[in-house]
Each structure stands twice: as structure tokens, then as C-alpha cells.
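Have a look at run_26.csv below; it lists CSV, C-alpha atoms and all ligand atoms.
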```
chain,number,residue,atom,x,y,z
A,237,MET,CA,29.3,-29.6,-12.7
A,238,ARG,CA,26.2,-27.4,-12.4
A,239,PRO,CA,23.0,-29.1,-11.2
A,240,ALA,CA,20.6,-30.0,-14.0
A,241,THR,CA,17.7,-27.9,-12.6
A,242,PRO,CA,15.3,-27.2,-15.5
A,243,VAL,CA,15.3,-23.5,-16.3
A,244,ARG,CA,11.5,-23.7,-16.7
A,245,CYS,CA,11.0,-24.8,-13.1
A,246,TYR,CA,13.3,-21.9,-11.9
A,247,LEU,CA,11.4,-19.4,-14.0
A,248,HIS,CA,8.1,-20.5,-12.6
A,249,ALA,CA,9.1,-20.7,-9.0
A,250,ALA,CA,7.2,-17.5,-8.1
A,251,MET,CA,3.8,-18.9,-9.3
A,252,PRO,CA,3.9,-22.6,-10.2
A,253,GLU,CA,2.3,-23.6,-13.5
A,254,SER,CA,-0.2,-25.8,-11.6
A,255,ALA,CA,-1.4,-22.8,-9.6
A,256,ILE,CA,-1.8,-20.7,-12.7
A,257,THR,CA,-3.7,-23.5,-14.4
A,258,SER,CA,-6.1,-24.0,-11.5
A,259,LEU,CA,-6.7,-20.2,-11.2
A,260,ARG,CA,-7.6,-20.1,-14.8
A,261,ALA,CA,-10.1,-23.0,-14.5
A,262,MET,CA,-11.5,-22.0,-11.1
A,263,PRO,CA,-15.3,-21.4,-10.9
A,264,LEU,CA,-16.0,-17.7,-10.4
A,265,GLY,CA,-17.8,-18.1,-7.1
A,266,VAL,CA,-15.0,-20.1,-5.6
A,267,ALA,CA,-12.5,-17.5,-6.9
A,268,ALA,CA,-14.5,-14.7,-5.3
A,269,LEU,CA,-14.5,-16.5,-2.0
A,270,LEU,CA,-10.8,-17.2,-2.2
A,271,LEU,CA,-10.1,-13.5,-2.9
A,272,LEU,CA,-12.2,-12.5,0.1
A,273,VAL,CA,-10.2,-14.8,2.3
A,274,GLN,CA,-7.0,-13.5,0.8
A,275,ASN,CA,-8.1,-9.9,1.6
A,276,LEU,CA,-9.1,-10.9,5.1
A,277,VAL,CA,-5.7,-12.4,5.6
A,278,VAL,CA,-4.0,-9.2,4.4
A,279,PHE,CA,-6.2,-7.2,6.7
A,280,ALA,CA,-5.4,-9.4,9.7
A,281,ALA,CA,-1.7,-9.4,8.9
A,282,ALA,CA,-1.6,-5.6,8.5
A,283,LEU,CA,-3.3,-5.1,11.9
A,284,GLY,CA,-1.0,-7.7,13.5
A,285,PHE,CA,2.1,-6.1,12.0
A,286,GLY,CA,0.9,-2.7,13.2
A,287,ALA,CA,0.2,-3.9,16.7
A,288,ILE,CA,3.8,-5.3,16.9
A,289,VAL,CA,5.3,-2.0,15.7
A,290,VAL,CA,3.2,0.0,18.2
A,291,ARG,CA,4.2,-2.3,21.0
A,292,TYR,CA,7.9,-2.2,20.3
A,293,PHE,CA,8.2,1.4,19.5
A,294,GLY,CA,5.6,2.8,21.9
A,295,ARG,CA,8.2,5.0,23.6
A,296,ARG,CA,8.7,7.1,20.5
A,297,ARG,CA,5.1,8.2,20.0
A,298,ILE,CA,4.7,10.8,17.2
A,299,ALA,CA,0.9,11.3,17.4
A,300,ALA,CA,-1.5,11.4,20.4
A,301,HIS,CA,-3.0,8.1,21.4
A,302,PRO,CA,-6.2,7.6,19.3
A,303,GLY,CA,-8.5,6.3,22.1
A,304,PRO,CA,-11.1,3.5,21.8
A,305,VAL,CA,-12.0,2.2,18.3
A,306,THR,CA,-15.3,3.7,17.1
A,307,LYS,CA,-18.1,2.0,15.2
A,308,THR,CA,-17.5,4.3,12.2
A,309,GLU,CA,-13.9,3.0,11.9
A,310,ILE,CA,-15.1,-0.6,12.1
A,311,ALA,CA,-17.8,-0.1,9.5
A,312,ALA,CA,-15.4,1.7,7.2
A,313,ALA,CA,-12.8,-0.9,7.5
A,314,VAL,CA,-15.2,-3.8,6.8
A,315,SER,CA,-16.4,-1.9,3.7
A,316,ALA,CA,-12.8,-1.3,2.6
A,317,VAL,CA,-12.0,-5.0,2.8
A,318,ILE,CA,-15.1,-5.9,0.8
A,319,LEU,CA,-14.3,-3.2,-1.8
A,320,ASN,CA,-10.6,-4.4,-2.0
A,321,THR,CA,-12.0,-7.8,-2.7
A,322,VAL,CA,-14.2,-6.4,-5.5
A,323,VAL,CA,-11.1,-4.7,-7.0
A,324,THR,CA,-9.0,-7.9,-6.7
A,325,TYR,CA,-11.9,-9.8,-8.3
A,326,VAL,CA,-12.1,-7.4,-11.2
A,327,GLY,CA,-8.3,-7.7,-11.6
A,328,PHE,CA,-8.7,-11.5,-11.6
A,329,LEU,CA,-11.4,-11.3,-14.4
A,330,ALA,CA,-9.1,-8.9,-16.4
A,331,TRP,CA,-6.3,-11.4,-16.0
A,332,ARG,CA,-8.5,-14.3,-17.2
A,333,ALA,CA,-9.6,-12.2,-20.2
A,334,GLY,CA,-6.0,-11.4,-21.1
A,335,VAL,CA,-6.3,-7.7,-20.4
A,336,VAL,CA,-3.9,-8.0,-17.5
A,337,ARG,CA,-0.8,-10.1,-18.1
A,338,PHE,CA,1.9,-11.3,-15.7
A,339,ARG,CA,5.4,-12.6,-16.4
A,340,SER,CA,6.7,-15.7,-14.5
A,341,ASP,CA,10.5,-14.8,-14.3
A,342,VAL,CA,12.1,-14.4,-10.8
A,343,GLY,CA,15.4,-12.8,-11.8
A,344,VAL,CA,16.7,-9.3,-11.7
A,345,TRP,CA,13.8,-8.0,-13.9
A,346,ALA,CA,11.4,-9.2,-11.3
A,347,ILE,CA,13.2,-7.0,-8.7
A,348,ALA,CA,13.2,-4.2,-11.2
A,349,ASP,CA,9.4,-4.5,-11.4
A,350,VAL,CA,9.3,-3.6,-7.7
A,351,VAL,CA,11.1,-0.3,-8.4
A,352,VAL,CA,9.0,0.5,-11.4
A,353,LEU,CA,5.7,-0.3,-9.6
A,354,VAL,CA,6.8,1.7,-6.4
A,355,LEU,CA,7.7,4.8,-8.4
A,356,ALA,CA,4.8,4.6,-10.9
A,357,MET,CA,2.2,4.1,-8.1
A,358,ASP,CA,3.9,6.6,-5.9
A,359,LEU,CA,3.5,9.3,-8.6
A,360,ALA,CA,0.0,8.2,-9.6
A,361,MET,CA,-1.2,8.1,-5.9
A,362,TYR,CA,0.5,11.4,-5.2
A,363,VAL,CA,-1.6,13.0,-8.0
A,364,LEU,CA,-4.8,11.3,-6.9
A,365,HIS,CA,-4.2,12.2,-3.3
A,366,ARG,CA,-3.7,15.9,-4.1
A,367,LEU,CA,-6.9,15.8,-6.2
A,368,ALA,CA,-8.7,14.1,-3.3
A,369,HIS,CA,-7.7,17.2,-1.2
A,370,HIS,CA,-9.3,19.6,-3.7
A,371,PRO,CA,-12.5,21.0,-2.3
A,372,TRP,CA,-14.5,19.6,-5.2
A,373,PHE,CA,-13.6,16.0,-4.3
A,374,PHE,CA,-12.6,16.1,-0.6
A,375,THR,CA,-16.0,15.2,0.9
A,376,LEU,CA,-16.7,12.4,-1.6
A,377,LEU,CA,-13.2,10.9,-1.6
A,378,HIS,CA,-11.2,11.7,1.5
A,379,ARG,CA,-12.9,13.4,4.4
A,380,LEU,CA,-13.6,10.2,6.3
A,381,HIS,CA,-9.9,9.2,6.4
A,382,HIS,CA,-9.0,12.6,7.7
A,383,ARG,CA,-11.5,12.6,10.5
A,384,PHE,CA,-8.9,10.4,12.2
A,385,ASP,CA,-6.1,12.8,12.8
A,386,LYS,CA,-4.6,10.4,15.5
A,387,PRO,CA,-3.9,7.4,13.3
A,388,ARG,CA,-3.7,3.8,14.3
A,389,PRO,CA,-3.1,0.8,12.0
A,390,LEU,CA,-6.8,0.4,11.4
A,391,THR,CA,-6.9,3.9,10.0
A,392,LEU,CA,-5.2,2.5,6.8
A,393,PHE,CA,-8.6,0.9,6.0
A,394,VAL,CA,-10.8,3.8,7.1
A,395,LEU,CA,-11.6,5.1,3.6
A,396,ASN,CA,-14.6,6.5,1.8
A,397,PRO,CA,-15.9,3.8,-0.6
A,398,ALA,CA,-15.2,6.0,-3.6
A,399,GLU,CA,-11.6,6.5,-2.3
A,400,ALA,CA,-11.0,2.7,-1.9
A,401,LEU,CA,-12.3,2.1,-5.4
A,402,SER,CA,-10.3,5.0,-6.9
A,403,PHE,CA,-7.0,3.7,-5.5
A,404,GLY,CA,-7.9,0.1,-6.5
A,405,GLY,CA,-8.9,1.3,-10.0
A,406,LEU,CA,-5.6,3.1,-10.3
A,407,TRP,CA,-3.7,-0.1,-9.5
A,408,LEU,CA,-5.7,-2.1,-12.1
A,409,VAL,CA,-4.9,0.6,-14.8
A,410,VAL,CA,-1.2,0.4,-13.9
A,411,ILE,CA,-1.0,-3.5,-14.1
A,412,ALA,CA,-3.1,-3.4,-17.3
A,413,ILE,CA,-0.4,-1.1,-18.9
A,414,TYR,CA,2.6,-2.7,-17.4
A,415,SER,CA,3.1,-6.5,-17.4
A,416,ALA,CA,4.9,-7.1,-14.2
A,417,SER,CA,6.1,-10.5,-12.9
A,418,TRP,CA,4.1,-12.4,-10.3
A,419,LEU,CA,7.1,-12.1,-7.9
A,420,GLY,CA,7.5,-8.3,-8.5
A,421,MET,CA,3.8,-7.7,-8.1
A,422,SER,CA,3.7,-9.7,-4.9
A,423,LEU,CA,6.7,-7.9,-3.4
A,424,TYR,CA,5.2,-4.6,-4.3
A,425,LEU,CA,1.9,-5.4,-2.8
A,426,THR,CA,3.6,-6.6,0.4
A,427,LEU,CA,5.6,-3.3,0.5
A,428,ASN,CA,2.3,-1.4,-0.1
A,429,VAL,CA,0.7,-2.8,2.9
A,430,ALA,CA,3.8,-2.4,5.1
A,431,PHE,CA,4.2,1.3,4.1
A,432,GLY,CA,0.4,1.8,4.6
A,433,VAL,CA,0.6,0.3,8.1
A,434,LEU,CA,3.8,2.2,9.1
A,435,GLY,CA,2.2,5.5,8.0
A,436,HIS,CA,-0.6,4.9,10.6
A,437,VAL,CA,1.1,3.4,13.6
A,438,GLY,CA,1.4,6.7,15.5
A,439,VAL,CA,4.9,5.8,16.6
A,440,GLU,CA,8.3,6.1,14.8
A,441,PRO,CA,10.2,2.8,14.2
A,442,PHE,CA,12.7,4.4,11.8
A,443,PRO,CA,16.1,5.4,13.3
A,444,ARG,CA,16.7,9.1,13.9
A,445,ALA,CA,19.7,9.0,11.4
A,446,TRP,CA,17.3,7.9,8.6
A,447,VAL,CA,16.8,11.5,7.3
A,448,SER,CA,20.6,12.0,7.2
A,449,TRP,CA,21.3,9.1,4.9
A,450,PRO,CA,21.6,10.1,1.2
A,451,ALA,CA,19.2,7.6,-0.4
A,452,LEU,CA,17.1,6.5,2.6
A,453,ARG,CA,16.0,10.1,3.4
A,454,HIS,CA,13.8,10.0,0.3
A,455,ILE,CA,11.9,7.0,1.6
A,456,GLY,CA,8.7,7.7,3.7
A,457,THR,CA,8.6,7.2,7.4
A,458,SER,CA,5.8,6.9,9.9
A,459,SER,CA,6.3,10.6,10.9
A,460,PHE,CA,5.9,11.6,7.2
A,461,HIS,CA,2.3,10.4,6.9
A,462,ALA,CA,1.4,11.1,10.5
A,463,GLN,CA,2.4,14.7,9.8
A,464,HIS,CA,-0.1,14.6,6.8
A,465,HIS,CA,-2.9,13.6,9.2
A,466,ALA,CA,-2.0,16.4,11.6
A,467,GLU,CA,-1.4,19.0,8.8
A,468,PRO,CA,-3.1,17.9,5.6
A,469,THR,CA,-1.6,20.6,3.4
A,470,HIS,CA,1.7,18.7,3.3
A,471,ASN,CA,3.2,15.3,2.6
A,472,PHE,CA,1.0,13.7,0.0
A,473,GLY,CA,3.3,10.9,-1.0
A,474,PHE,CA,3.0,7.3,0.0
A,475,TYR,CA,6.3,5.4,-0.3
A,476,THR,CA,8.8,8.2,-1.1
A,477,LEU,CA,9.2,11.9,-0.5
A,478,LEU,CA,10.4,12.5,-4.1
A,479,TRP,CA,7.2,14.0,-5.5
A,480,ASP,CA,6.6,16.2,-2.4
A,481,ARG,CA,10.2,17.5,-2.7
A,482,LEU,CA,9.7,18.0,-6.5
A,483,PHE,CA,6.3,19.8,-6.2
A,484,GLY,CA,7.2,21.7,-3.0
A,485,THR,CA,4.6,20.1,-0.7
A,486,LEU,CA,7.0,18.5,1.8
A,487,HIS,CA,6.5,19.9,5.3
A,488,PRO,CA,9.3,22.4,5.8
A,489,GLU,CA,10.0,21.0,9.3
A,490,TYR,CA,9.7,17.4,8.5
A,491,GLU,CA,13.4,16.5,8.9
A,492,ALA,CA,13.9,18.7,12.0
A,493,ARG,CA,10.9,17.3,13.7
A,494,PHE,CA,11.9,13.7,12.8
A,495,LYS,CA,15.3,14.1,14.3
A,496,SER,CA,13.9,15.6,17.5
A,497,SER,CA,11.0,13.1,17.9
A,501,ZN,ZN,-3.6,8.2,6.3
A,502,ZN,ZN,-4.9,13.1,2.7
```
What does the file become when written as C-alpha cells?
Amino acid sequence: MRPATPVRCYLHAAMPESAITSLRAMPLGVAALLLLVQNLVVFAAALGFGAIVVRYFGRRRIAAHPGPVTKTEIAAAVSAVILNTVVTYVGFLAWRAGVVRFRSDVGVWAIADVVVLVLAMDLAMYVLHRLAHHPWFFTLLHRLHHRFDKPRPLTLFVLNPAEALSFGGLWLVVIAIYSASWLGMSLYLTLNVAFGVLGHVGVEPFPRAWVSWPALRHIGTSSFHAQHHAEPTHNFGFYTLLWDRLFGTLHPEYEARFKSS
């Protein structure tokens, strides 16, 4: 006999009803503080994850060692965490106003959300990234990030304020259009930080056979984004190589260099 677990409880496992209710009723100041703490935790987790990867894969370095952290990097990273909090807060207000809606299911459709969000954001960020490299926008949006051609995990947060707000705004537009599940969105955001960190570790944790496997070879590696920092006319994608392959911007020696690194 099957256990009599109420379906409703199962469906709301990703974000319990009580948590949703308290978020809806929370004073705005408290919510802002909570979102700042959440962004600080993400920032610390990203740097911690990056430090572990650098430590364990240090023998396979793909970019020169970046040297001591500069005051510019620290100031830019602090600003990025604050601006990420602003974006999260705007998203929170949009959710309370009903502009952004989330589903509570945790089944196969929640996993499908991850695929949809990864592909949609990958394409949207590819387009925005290529625009950011246009001479009209480069100084305003993207020059600061590219001052650091020897990336480290912190480089993920070294962004022009306008760049941080543009990518955050893009995310808010996507979730306003597409009602994802809490679970799918949380998994996507976790992957987003993981890929962001892996792109800036300066070492290669992915196995050499990665680029020979039929499906996996289309997924971004650390070398993929490190190569963009070294040669900014190639490799504009974030999670996948699909759009770079489609639009002819993948570095012609990407796979050969990956195998020999
Ligand atoms: Zn980068
Ligand atoms: Zn770039």
C-alpha cells in the first residue's frame, strides 16, 4: 500500500507554504536585509568553491597566476554584491506585486525549467555580451571586467555597475516572462554561480576527454571563458558553446588547446 503522503505537501517541498506566506508578509526593510545576507552568503560560497577548485586542480593551470588582489577588484566586488542585492530586491517586489510568478511543483517540469532557463539565459547573455564588446558600449559596460585578463574567482564579481545591473535586469525580464518553479529557479541560480566561478578559476578541472564526448563538448569549461579573457574576440557564451558554434565566434583552437592543457 502506498504511503498516504498528501500530494500538496510533496508539491510544496521546494518552498514550504509557511515560507511563502512569511515572505509575502515580511516588512520591506527586513526583506532587504535578508536579501543582502543571502547575496553575501552566495558571494562567500562562490569564493570558497573557487578556492577549493584552484587548490585541487592547481597543477593544470590555464591562465597565469593573477598576483595580489587589488583595491579596484575589492571595490568592484563589493559594489557588485550590493547591486545584486538591489536586483534581487526588485525581483522580490515584482513577485509580491504579482508581476513575477513561481510554481511550486518539484517534478519533471521543475527539472525542465532548469534546461529552459539555462538555454534562454545563455542565448540572452550571449547577445548582451556581444553588445557589451561593441565599441559603443564596451567602456560603460565591460572594460573593467576585461582589465583582469588573468582571472581568479573574485573576477566573477568584478563588473562595471551598469554591467551588473544589465545582467540582473535581463534575469528579471526572463522570470517575468517565464513562470519557473522555485526548485527549477534555485537549481538554475546555483548552476549560474558554479559556471561563473569555474570560468574564472584559472585552472582546468574538467577532464581532457570532455571535448570528445558528444553532448558534454557543448558545455562550457574553465578554459572556454579563460580563453575569452585572453582573446576577447572569441567565446562569448556562458554555460554552453552552442551560440558561439552557431554564430562562428568559438575560438578555432579551443578544443585542441583544451586537450593539450
Ligand atoms: Zn569573465
Ligand atoms: Zn567579455
Around ligand ZN 502 (chain A), which protein and nucleic acid residues have at least one atom no more than 7 Å from it, if we count all atoms listed in the file? List them as number ranges by chain. A: 365, 369, 378, 382, 464-465, 468, 472
Write out as an MDAnalysis selection string each polymer residue (protein, DNA or RNA) that has an atom no more than 7 Å from ligand ZN 501 (chain A), with only C-alpha atoms and all ligand atoms counted. chainID A and resid 381 391:392 435:436 461 465
Just to confirm, what's the straight-line distance from atom CA of A:Leu434 to atom CA of A:Leu319 in Å (one decimal)?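 It comes out at 21.8 Å.
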What does the structure give for the distance between atom CA of A:Phe374 and atom CA of A:Ala312, in Å to one decimal? 16.6 Å
If you measure from atom CA of A:Val323 to atom CA of A:Pro389, what distance in Å do you get, rounded to one decimal? 21.3 Å
Residue contacts of stretch 444-447 of chain A (8 Å, all atoms listed in the file) excluding same-chain residues fewer than 3 positions away, as a PDB file with C-alpha atoms, in the frame of the given file:
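After the write, out_9.pdb holds the following:
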```pdb
ATOM      1  CA  PRO A 450      21.600  10.100   1.200  1.00  0.00           C
ATOM      2  CA  LEU A 452      17.100   6.500   2.600  1.00  0.00           C
ATOM      3  CA  ARG A 453      16.000  10.100   3.400  1.00  0.00           C
ATOM      4  CA  HIS A 454      13.800  10.000   0.300  1.00  0.00           C
ATOM      5  CA  GLU A 491      13.400  16.500   8.900  1.00  0.00           C
ATOM      6  CA  PHE A 494      11.900  13.700  12.800  1.00  0.00           C
ATOM      7  CA  LYS A 495      15.300  14.100  14.300  1.00  0.00           C
ATOM      8  CA  SER A 496      13.900  15.600  17.500  1.00  0.00           C
TER       9      SER A 496
END
```
Nearest to A:Asn396 among A:Arg379, A:Arg297, A:Arg481, A:His470, with distances taken over all atoms listed in the file: which residue is it?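 Closest to A:Asn396, using all atoms listed in the file: A:Arg379.
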Between A:Thr257, A:Ser315, A:Arg493, A:Ala346, which has the minimum distance to A:Ala400 (counting all atoms listed in the file)?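 So, comparing all the options, the nearest one is A:Ser315.
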In terms of only C-alpha atoms, the residue from A:Ala360, A:Ala462, A:Ala398, A:Leu423 at minimal distance from A:Phe373 is A:Ala398
Using only C-alpha atoms for the distances, tell me which of A:Val433, A:Val314, A:Pro488, A:Ser254 is nearest to A:Pro397.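 Closest to A:Pro397, using only C-alpha atoms: A:Val314.
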Which is closest to A:Ala282 among A:Leu395, A:Val317, A:Val363, A:Ala348, if we use all atoms listed in the file?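 The closest residue to A:Ala282 is A:Val317.
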